[in-house]
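Undergrad: Sending over a structure as structure tokens; questions will come in a sec.
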Amino acid sequence: MSRLIPLTLPQVAIATCVCVLLAMTAAHATAASPSVLAPSQDETPILTLHSDGERRPVSRAEIESSPLYELTLQHFEGPQGSFAGVWLDDFLDAQDLDDTATLRLIAHDDYTVFITPQDREERRYLLATRLDGAPLTLMEFGPTMLIVPADAEAVEAGTASMTHWIWSIRDIQAQ
Ligand SMILES: Nc1nc2c(c(=O)[nH]1)N[C@H]1C(S)=C(S)[C@@H](COP(=O)(O)O)O[C@H]1N2
Ligand SMILES: [Mo]
């Protein structure tokens with residue numbers, strides 16, 4: 001007759017620790033962490049912000065005036081390494097953009113996507129400006145691209161949508 005093997009308290013504690021550690025390891029792979037990169041000093045405009053009927057050129061230096069975060073991933077378009085950038089929410093704050101605005105982002109290839117306030121509540125968006133410390137170029141799908149760190153693993157596995165992962169961003173419209 002079979003019976004359940006009783007676990008002692010220390011065994012339960014060890015099993016719990018192992019589970020927590022495994023969960024932390026899994027989470028670590030897709031979490032962005034603070035970056036030690038020095039903010040860019042480059043004042044050359046790399047995208048245009050449109051709000052309240054005005055257009056404002058924005059440089060790497062302006063974007064990177066918010067805290068930089070980074071994570072390592074294999075981007076589905078090819079580039080692989082440590083991507084760094086600023087949280088989209090921090091960027092909007094720094095640019096004094098209305099928090100309730102829906103954003104329309106437009107890329108150099110005219111691809112366009114909308115990011116609603118609800119999207120930004122559900123997931124954090126990283127406005128990436130760097131790959132392995134160097135400014136993202138157009139060839140690497142820069143000068144900026146959106147990354148959703150929480151979805152990175154699922155996107156790599158092909159189980160999450162990447163329609164919000166717009167690369168080569170040219171314009172951001174707040175509407
Ligand atoms: N600049 C730009 N970003 C983009 C796209 C695009 O066409 N241009 N396509 C989006 C969509 S719909 C998807 S599924 C992924 C992958 O696009 P791809 O299959 O055309 O490479 O990138 C997203 N980001
Ligand atoms: Mo797509």
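Ordering of the structure tokens sets the chain letters (A, B, ...); residue numbers start at 1 within each chain; ligands are numbered from 1 in the order shown.
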Within 12 Å of A:Thr44, counting only C-alpha atoms, which residues show up once you throw out same-chain ones fewer than 3 positions away? Write them as an MDAnalysis selection string, please.

TA: chainID A and resid 40:41 47:48 57:63 143

Undergrad: With N, CA and C atoms retained, export the selected residues as a short mmCIF file (atom, residue, chain, number, x, y, z; two decimals), in the first residue's frame.

TA:
```cif
data_model
loop_
_atom_site.label_atom_id
_atom_site.label_comp_id
_atom_site.auth_asym_id
_atom_site.auth_seq_id
_atom_site.Cartn_x
_atom_site.Cartn_y
_atom_site.Cartn_z
N SER A 40 24.17 60.04 -22.91
CA SER A 40 24.72 60.63 -24.13
C SER A 40 24.77 62.16 -24.02
N GLN A 41 25.75 62.75 -24.68
CA GLN A 41 25.86 64.21 -24.76
C GLN A 41 25.45 64.71 -26.15
N LEU A 47 14.54 62.00 -33.20
CA LEU A 47 13.11 61.77 -33.45
C LEU A 47 12.37 63.07 -33.20
N THR A 48 11.11 63.11 -33.65
CA THR A 48 10.30 64.31 -33.46
C THR A 48 9.08 63.99 -32.62
N PRO A 57 12.00 68.59 -31.91
CA PRO A 57 13.06 67.60 -32.15
C PRO A 57 13.65 67.13 -30.82
N VAL A 58 13.93 65.83 -30.72
CA VAL A 58 14.46 65.26 -29.47
C VAL A 58 15.76 64.52 -29.77
N SER A 59 16.77 64.80 -28.94
CA SER A 59 18.11 64.22 -29.14
C SER A 59 18.34 63.04 -28.20
N ARG A 60 19.45 62.32 -28.45
CA ARG A 60 19.85 61.23 -27.54
C ARG A 60 20.08 61.79 -26.13
N ALA A 61 20.72 62.96 -26.07
CA ALA A 61 21.02 63.57 -24.77
C ALA A 61 19.73 63.82 -24.00
N GLU A 62 18.71 64.33 -24.69
CA GLU A 62 17.43 64.59 -24.01
C GLU A 62 16.77 63.30 -23.54
N ILE A 63 16.76 62.29 -24.42
CA ILE A 63 16.14 61.01 -24.03
C ILE A 63 16.87 60.43 -22.82
N PRO A 143 17.31 54.67 -34.73
CA PRO A 143 18.09 55.13 -33.57
C PRO A 143 17.43 54.81 -32.22
#
```

Undergrad: Identify all residues of chain A in alpha helix (DSSP H) (DSSP on the backbone) and supply them as a ChimeraX atom specification.

TA: /A:9-28,60-63,88-94,117-122,152-157

Undergrad: Quick one: residues within 8 Å of ligand 2, with only C-alpha atoms and all ligand atoms, as a list in words?

TA: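 I would give the residues around ligand 2 as Ser161, Met162 and Thr163 of chain A.
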
Undergrad: Please list as a PDB file with C-alpha atoms, in the first residue's frame every residue within 12 Å of A:Met139, counting only C-alpha atoms and excluding residues in the same chain fewer than 2 positions away.

TA:
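Just written: part21.pdb:
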```
ATOM      1  CA  GLU A  77      15.155  41.369 -36.255  1.00  0.00           C
ATOM      2  CA  GLY A  78      18.654  40.046 -35.523  1.00  0.00           C
ATOM      3  CA  PRO A  79      20.562  42.331 -33.155  1.00  0.00           C
ATOM      4  CA  HIS A 108      11.254  55.341 -40.680  1.00  0.00           C
ATOM      5  CA  LEU A 131      23.202  48.190 -27.986  1.00  0.00           C
ATOM      6  CA  PRO A 135      24.190  54.274 -29.908  1.00  0.00           C
ATOM      7  CA  LEU A 136      21.691  52.134 -31.853  1.00  0.00           C
ATOM      8  CA  THR A 137      22.072  52.890 -35.560  1.00  0.00           C
ATOM      9  CA  PHE A 141      16.913  49.078 -36.144  1.00  0.00           C
ATOM     10  CA  GLY A 142      17.626  52.275 -34.197  1.00  0.00           C
ATOM     11  CA  PRO A 143      18.087  55.127 -33.569  1.00  0.00           C
ATOM     12  CA  THR A 144      15.480  54.102 -30.971  1.00  0.00           C
ATOM     13  CA  TRP A 167      11.930  49.872 -34.295  1.00  0.00           C
ATOM     14  CA  SER A 168      13.537  52.869 -36.080  1.00  0.00           C
TER      15      SER A 168
END
```

Undergrad: List every residue of stretch 17-173 of chain A that DSSP, applied to the backbone of this structure, places in strand (DSSP E), and write the result as a VMD selection string.

TA: chain A and resid 33 to 34 45 to 51 54 to 59 69 to 74 80 to 87 103 to 107 112 to 115 126 to 131 134 to 135 145 to 147 169 to 173

Undergrad: Go through A:Asp109, A:Glu140, A:Asp132, A:Glu121 one by one, measure the shortest atom-to-atom distance of each to ligand 1 using only C-alpha atoms and all ligand atoms, and give the residue with the smallest value.

TA: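 Of all the options, A:Asp109 lies closest to ligand 1.
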
Undergrad: Between atom CA of A:Ile172 and atom CA of A:Ala160, what distance in Å does the model show, to one decimal?

TA: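 Computed distance, atom CA of A:Ile172 to atom CA of A:Ala160, equals 23.8 Å.
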
Undergrad: Would you kindly return, as a ChimeraX atom specification, each protein, DNA or RNA residue with an atom no farther than 12 Å from any atom of A:Glu70, considering only C-alpha atoms and excluding same-chain residues fewer than 5 positions away?

TA: /A:28-37,81-87,125-133,147-149

Undergrad: Do you have the atom CA of A:Ala157-atom CA of A:Arg120 distance handy?

TA: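 Between these atoms lies a distance of 22.5 Å.
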
Undergrad: Need the shell around A:Leu92: protein/DNA/RNA residues with any atom at most 10 Å away, counting only C-alpha atoms. Skip same-chain ones fewer than 3 positions apart. Format as a ChimeraX atom specification?

TA: /A:63,66,87-89,95-99,101,103,174

Undergrad: How about saving the chosen residues, C-alpha atoms kept, as a short mmCIF file (atom, residue, chain, number, x, y, z; two decimals), in the first residue's frame?

TA:
```
data_model
loop_
_atom_site.label_atom_id
_atom_site.label_comp_id
_atom_site.auth_asym_id
_atom_site.auth_seq_id
_atom_site.Cartn_x
_atom_site.Cartn_y
_atom_site.Cartn_z
CA ILE A 63 16.14 61.01 -24.03
CA SER A 66 16.08 59.99 -17.70
CA TRP A 87 11.35 53.85 -19.48
CA LEU A 88 8.77 55.37 -21.82
CA ASP A 89 6.87 56.67 -18.76
CA GLN A 95 8.94 65.85 -21.84
CA ASP A 96 5.93 67.11 -19.83
CA LEU A 97 3.59 65.02 -21.93
CA ASP A 98 0.03 64.41 -20.78
CA ASP A 99 -0.03 61.08 -18.94
CA ALA A 101 -2.44 60.70 -23.94
CA LEU A 103 0.81 57.74 -28.24
CA ALA A 174 0.68 62.47 -28.27
#
```

Undergrad: Report the distance between atom CA of A:Thr112 and atom CA of A:Leu49 in Å, rounded to one decimal place.

TA: 14.3 Å
